[in-house]
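Asks: My questions will all concern the structure given below.
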Amino acid sequence: MHIPDNYLSPQTDVVMAVAMVPVWVHCIKKVRATLDREHMAFLGICAAFSFLLMMFNVPLPGGTTGHAVGGALIALLLGPEAAAIAVSVALALQALLFGDGGVLSFGANCFNMAFVLPFVAAIVFGALNSRLHDKSWGTSVSAVVSGWVGLCLAALCAAIEFGIQPMLFTNVSGAPLYCPFPLSVAIPAMLIPHMLVAGVIEGVATAAIYGFIKKTAPSIIVGPEAVDGQLAADGTAKKNSLIPTLILVAVLVLATPLGLLATGDAWGEWDAEGAATAVQEAGDDSLQASVGLDAPTFADALPTGDYLQVYSEEQGLGFAGQAAMYILSGVIGVAVLTIAFRLVSLTVKESGAHGNSRAA
Amino acid sequence: MANDTNNAMGASGAAGAEITPLIEFRDVVFSYAGHTVVDSVSLQVNRGELVALLGPNGCGKTTIMRLINGLELADAGTYLFDGHVVDAAYLKDSATAQRFHQRVGFVFQSADAQLFCATVGEEVAFGPAQMGLPADELERRVRDAMGLFQVADLADASPYQLSGGQKKRVALAAVVSMNPDILILDEPTNGLDEDSCDIVVNFLLAYVAAGKTVLMSTHHQDLVRRLGARAIYIDRYHHVVEAPSPSYGTESGAAE
Amino acid sequence: MLMAIAELPSWLAAEERYEPVGARHRVMQKNVLHLASLLERVRLGGGAHEGGSMVDRALSCVSAPVRLVGMFVCVLCVCLTQSPLYLMLMAAIALVLVAVRPVRGLRATFVPALGAAGLAVVLALPALLLGASATGAMLKIALKTFINVSLVLGVSWTLTWSRMSSALKMLHLPDEVIFTFDMALKHIEVLGRTAHDLCESVMLRSVGSAPAGFSRTDSLAGIMGMTFIKAMECSRAMDEAMLCRGFAGAYPAPARAGFGWRDAVYAAVVALLVVLCAVL
């Protein structure tokens with residue numbers, strides 16, 4: 001899951017790092033507001049723990065071992081905000097000291113493992129556990145599912161980051177400059193092993209360690225469940241909606257075969273058509289003939305998605321111009337993702353409000 | 001009844017002792033990160049003996065104990081346990097290694113670093129539960145071991161909630177419940193109050209009287225006297241000075 | 001004396017006759033070795049100062065923030081360049097730096113870099129299905145990854161880790177970030193030691209096959225759980241100690257070091273590499 005340098009274009013790296021800045025700022029503010037006094041050592045020590053957790057071998061069936069990321073566990077124990085900071089620092093240490101994960105792709109790694117993973121895990125855990133916490137197995141199941149869903153979604157994000165590279169960044173002859181695998185390959189290649197192995201490790205490790213700490217030193221836990229517990233004590237147990245969680249799980253399960261069948265072709269066709277029309281509109285002479293005469297041939301010859309490259313070169317844009325275009329397209333992609341996330345969280349909030357009104 | 005077994009044990013132990021000591025180091029050398037921590041150390045621990053390792057901080061006492069447990073392997077020299085050379089090959093066979101670990105019980109200096117179960121009861125049962133004992137025997141051992149160290153009332157408590165002295169006694173009970181042949185104790189009375197200390201001392205005396213062997217490290221001369229232990233001194237140059245020196249305190253003072 | 005000599009239960013007085021069947025717990029051993037090597041790395045904190053090559057020692061003299069920036073620029077150049085010639089130049093530099101290191105340095109820098117590059121080579125095989133250009137791209141990524149990882153590890157090998165966090169300060173990162181970094185670095189050793197000892201303890205007491213109720217996952221959960229509890233205790237103790245010593249919320253940063261001639265030479269070399277990257 002640690003993306004090394006050179007798989008992603010530097011432009012993508014910049015976009016991901018910029019996307020992380022508001023997350024970090026929000027998390028630091030939130031952690032400061034939540035903790036009663038100067039708990040500065042707290043985050044650093046959490047980061048050290050997160051670092052160790054990433055290095056720790058967990059047994060797999062069949063005698064092999066694997067590593068958990070631990071983002072989900074820390075999110076459940078200390079809340080997603082503290083987890084985001086702790087995992088970010090741990091990732092920085094791994095990148096700088098052990099060469100594990102890239103220096104340039106640090107932002108992308110943080111986005112996947114320090115933002116998507118803990119926040120998704122916390123949301124899923126909150127939704128499931130508020131329903132199941134009166135059952136003896138409720139917390140374990142919630143923890144397993146939250147770790148699994150969180151890690152699979154993080155892997156999906158990483159896959160999308162990989163998959164957009166050959167669409168956006170190719171050289172003049174159409175050869176990919178960075179990761180060459182399109183979405184149709186990257187998504188199943190990342191998702192299948194993460195759904196079958198890494199997600200299971202994350203889920204089981206999260207549940208086992210969370211269960212141990214809950215049994216041994218419950219006072220330490222300040223994550224989503226602690227808040228839930230307080231509410232339950234007040235007699236107004238908040239019931240988060242299961243629907244977004246179920247949708248997430250369903251999407252994940254469906255994404256793999258769908259990705260195999262559809263994604264690549266759809267994106268490719270869209271790009272080629274876009275290229276054809278855009279070039280026509282731009283009134284470019286050299287390309288118009290071939291596009292006008294035989295658009296499908298042009299689309300076939302044109303490697304997936306170097307429309308931007310061709311377009312910008314024909315427009316005589318320099319490197320800065322190209323970079324600006326790529327960054328803009330990246331910003332658009334991130335904005336779309338953010339909107340999707342906010343829509344999901346909106347559903348959660350609304351149904352939470354419903355739950356409260358019903359309780360009242 | 002118990003006494004009879006003790007005597008029988010003692011006799012057989014004495015018969016065995018003339019052939020092989022339980023633990024024998026022959027010029028063992030061990031270096032860590034370029035520093036020689038154990039410098040051609042030779043020592044013997046016989047069955048039924050209570051031996052105390054004494055020496056200044058950093059002289060290699062803990063490392064010697066780790067060597068005895070097979071946690072570290074000697075760079076040079078030979079370590080014999082009950083007549084067998086303990087090396088990588090010896091510990092490679094898992095059945096042999098497990099039997100070896102069962103026979104050599106090790107209590108760390110820091111009890112914090114030794115307790116990993118959710119409750120004291122599980123902690124004490126962890127070792128014997130793996131030895132394929134019948135359920136009633138297992139239960140008896142856990143109860144007895146907790147009783148010996150007076151932690152029976154803490155069976156359902158989590159180790160996290162215990163005081164330092166209680167943690168130490170739980171760690172001892174968890175190792176003793178495996179019924180090892182030799183107990184290796186790294187500063188067993190460090191940080192214990194008088195009551196906890198008495199519990200440990202009385203246990204050790206009974207244990208050795210039953211023919212078992214104990215090797216412990218300590219800084220307390222009075223503890224060595226109270227237990228009637230044979231003392232092995234290690235100086236700050238990592239050499240063994242087995243003959244009791246006039247006074248450990250002045251010896252290390254003279255070295256400065 | 002209040003207590004007489006304790007009376008031993010009969011099973012404890014008898015010699016244990018136990019024949020283990022022998023089920024190996026490789027995970028725990030793996031973890032012990034892994035954590036031990038981690039602790040060794042952290043203890044060395046770099047390592048070049050305890051016997052690095054001449055080039056390493058020269059690099060160690062360059063101030064830490066300059067080196068971090070230089071590393072970042074070099075990594076970026078390697079990532080951006082499309083010139084085979086430039087890649088060969090950087091590969092040559094990386095390999096020469098690695099080649100003159102002592103064995104310990106080789107292990108710390110070359111082996112992980114090779115591993116990362118190997119992964120990219122393995123990924124080039126499925127890329128064959130996508131066409132030669134995709135395979136070419138993966139192989140180029142493999143080479144670039146090797147260069148970049150060995151450059152980054154070269155910095156972590158020649159820069160004491162404590163200097164790394166002071167470097168961050170001089171790069172004008174917020175105090176909180178640096179303090180968090182510092183805390184994390186220091187506590188990796190503390191918590192790593194705890195986890196290592198716990199693993200050893202589990203290993204020593206795993207004297208047979210796990211019976212019902214004691215799964216391997218449970219003991220692993222116990223190790224990490226206790227490490228977490230230890231982490232929380234450390235953090236509470238640290239917070240309290242800081243309060244007691246009059247900590248007011250600001251983290252005193254080391255004074256900004258000057259820009260010496262060594263830094264200038266290093267910066268010039270990096271600048272030359274940047275120019276070459278742009279030209280080639």
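Residue names in the structure tokens use chain letters A, B, ... in the order shown, residue numbers from 1 in each chain, and ligand numbers from 1 in the order shown.
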I'd like the contact shell of Phe108 in chain B - 7 Å cut-off, only C-alpha atoms, skipping same-chain residues fewer than 2 positions apart - returned as a ChimeraX atom specification.
Replies: /B:106,110-111,114,185-186
Asks: Write a file of the selected residues as a tab-separated table (two decimals), in the first residue's frame, keeping C-alpha atoms.
Replies:
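result-v7.tsv was written with the following content:
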chain	number	residue	atom	x	y	z
B	106	PHE	CA	13.05	-16.67	33.02
B	110	SER	CA	10.75	-5.44	34.14
B	111	ALA	CA	7.50	-7.24	34.80
B	114	GLN	CA	6.42	-9.75	30.49
B	185	LEU	CA	15.51	-14.25	37.94
B	186	ASP	CA	16.76	-10.85	36.85
Asks: Wanna dump the range 177-214 of chain A-range 113-120 of chain A contacts at 12 Å for me, each residue with its shortest atom pair and the distance in Å to one decimal, counting only C-alpha atoms, ordered by chain and number, as JSON lines?
Replies:
{"residue": "A:Gly199", "atom": "CA", "partner": "A:Leu117", "partner_atom": "CA", "distance": 10.8}
{"residue": "A:Glu202", "atom": "CA", "partner": "A:Leu117", "partner_atom": "CA", "distance": 10.4}
{"residue": "A:Gly203", "atom": "CA", "partner": "A:Leu117", "partner_atom": "CA", "distance": 11.5}
{"residue": "A:Thr206", "atom": "CA", "partner": "A:Pro118", "partner_atom": "CA", "distance": 11.4}
Asks: Between B:Phe126, B:Phe116, B:Phe149, B:Phe203, which one has atoms that come closest to chain A, using only C-alpha atoms?
Replies: B:Phe116
Asks: Select all residues from chain A having any atom no more than 6 Å from an atom of chain C (counting only C-alpha atoms, ignoring ligands), output as an MDAnalysis selection string.
Replies: chainID A and resid 6 41:42 44:45 47:48 57 97 99 175 180 208:209 213
Asks: Show me a table, sorted first by chain and then by increasing residue number, of the residues of chain B having an atom at most 7 Å from chain C, each with its shortest atom pair and the distance in Å to one decimal, counting only C-alpha atoms and written as JSON lines.
Replies:
{"residue": "B:Ala2", "atom": "CA", "partner": "C:Ser10", "partner_atom": "CA", "distance": 5.7}
{"residue": "B:Thr5", "atom": "CA", "partner": "C:Ala14", "partner_atom": "CA", "distance": 6.8}
{"residue": "B:Asn6", "atom": "CA", "partner": "C:Ala13", "partner_atom": "CA", "distance": 6.3}
{"residue": "B:Ser94", "atom": "CA", "partner": "C:Gly22", "partner_atom": "CA", "distance": 4.8}
{"residue": "B:Ala95", "atom": "CA", "partner": "C:Gly22", "partner_atom": "CA", "distance": 3.8}
{"residue": "B:Gln98", "atom": "CA", "partner": "C:Val207", "partner_atom": "CA", "distance": 4.5}
{"residue": "B:Arg99", "atom": "CA", "partner": "C:Pro20", "partner_atom": "CA", "distance": 6.2}
{"residue": "B:His101", "atom": "CA", "partner": "C:Leu204", "partner_atom": "CA", "distance": 5.6}
{"residue": "B:Gln102", "atom": "CA", "partner": "C:Val207", "partner_atom": "CA", "distance": 5.8}
{"residue": "B:Ala113", "atom": "CA", "partner": "C:Leu198", "partner_atom": "CA", "distance": 5.2}
{"residue": "B:Gln114", "atom": "CA", "partner": "C:Leu198", "partner_atom": "CA", "distance": 5.4}
{"residue": "B:Phe116", "atom": "CA", "partner": "C:Gly222", "partner_atom": "CA", "distance": 4.8}
{"residue": "B:Cys117", "atom": "CA", "partner": "C:Gly222", "partner_atom": "CA", "distance": 5.6}
{"residue": "B:Gly127", "atom": "CA", "partner": "C:Arg205", "partner_atom": "CA", "distance": 5.3}
{"residue": "B:Ala129", "atom": "CA", "partner": "C:Pro211", "partner_atom": "CA", "distance": 6.4}
{"residue": "B:Gln130", "atom": "CA", "partner": "C:Gly208", "partner_atom": "CA", "distance": 4.7}
{"residue": "B:Met131", "atom": "CA", "partner": "C:Gly208", "partner_atom": "CA", "distance": 5.5}
{"residue": "B:Asp144", "atom": "CA", "partner": "C:Pro9", "partner_atom": "CA", "distance": 6.8}
{"residue": "B:Asn179", "atom": "CA", "partner": "C:Leu12", "partner_atom": "CA", "distance": 5.7}
{"residue": "B:Asn202", "atom": "CA", "partner": "C:Ile5", "partner_atom": "CA", "distance": 4.9}
{"residue": "B:Phe203", "atom": "CA", "partner": "C:Ala6", "partner_atom": "CA", "distance": 5.4}
{"residue": "B:Leu205", "atom": "CA", "partner": "C:Ile5", "partner_atom": "CA", "distance": 6.7}
{"residue": "B:Ala206", "atom": "CA", "partner": "C:Ala6", "partner_atom": "CA", "distance": 5.8}
{"residue": "B:Ala210", "atom": "CA", "partner": "C:Ala13", "partner_atom": "CA", "distance": 5.5}
Asks: Can you build me a table of chain B residues sitting at most 7 Å from chain A, with the closest atom pair per residue and its distance in Å to one decimal, using only C-alpha atoms, sorted by chain and residue number, as a Markdown table?
Replies:
| residue | atom | partner | partner_atom | distance |
| --- | --- | --- | --- | --- |
| B:Ala118 | CA | A:Thr216 | CA | 5.4 |
| B:Ser158 | CA | A:Thr216 | CA | 5.4 |
| B:Tyr160 | CA | A:Thr216 | CA | 6.7 |
Asks: I want to know what sits within 6 Å of Ala143 in chain A, based on only C-alpha atoms, with residues of the same chain fewer than 3 positions away left out; could you give that as an NGL selection string?
Replies: :A and (140 or 146 or 207)
Asks: Keeping only N, CA and C atoms, write those residues as a JSON list (two decimals), in the first residue's frame.
Replies:
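Okay, this is what ended up in again.json:
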[["chain", "number", "residue", "atom", "x", "y", "z"],
["A", 140, "SER", "N", -16.72, -6.72, 18.12],
["A", 140, "SER", "CA", -15.70, -7.38, 17.30],
["A", 140, "SER", "C", -16.08, -7.32, 15.84],
["A", 146, "SER", "N", -15.03, -2.57, 9.99],
["A", 146, "SER", "CA", -14.52, -1.22, 9.77],
["A", 146, "SER", "C", -13.08, -1.26, 9.25],
["A", 207, "ALA", "N", -9.74, -5.70, 15.34],
["A", 207, "ALA", "CA", -10.68, -6.27, 16.31],
["A", 207, "ALA", "C", -9.95, -6.88, 17.49]]
Asks: List every residue of range 31-251 of chain B that DSSP, applied to the backbone of this structure, assigns to strand (DSSP E), and report them as a ChimeraX atom specification.
Replies: /B:31-32,35-45,50-54,76-81,84-85,104-107,182-186,213-217,230-234,240-241
Asks: Might you pull out every residue within 10 Å of range 19-31 of chain B, with only C-alpha atoms counted and same-chain residues fewer than 4 positions away left off, and present them as a ChimeraX atom specification?
Replies: /B:14-15,35-49,60,63-64,67-68,72-85,181-182,213,215,238
Asks: Would you please give, as a PyMOL selection string, all residues of range 168-251 of chain C that DSSP assigns to alpha helix (DSSP H) based on the backbone?
Replies: chain C and resi 168-170+175-205+216-244
Asks: Give me the residues near range 260-276 of chain C as a PyMOL selection string, where near means some atom within 8 Å (using only C-alpha atoms) and where sequence neighbours in that chain fewer than 5 positions away do not count.
Replies: chain C and resi 61-63+66-67+70+73-74+77+86
Asks: What is the CA of Leu192 in chain B-CA of Val107 in chain B distance in Å, reported with one decimal?
Replies: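 Interatomic distance here is 14.4 Å.
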Asks: Between CA of Ala92 in chain C and CA of Ile147 in chain C, what distance in Å does the model show, to one decimal?
Replies: 9.0 Å
Asks: Rounded to one decimal in Å, what is the spacing between CA of Arg143 in chain B and CA of Gly165 in chain B?
Replies: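 Here the two named atoms are 19.1 Å from each other.
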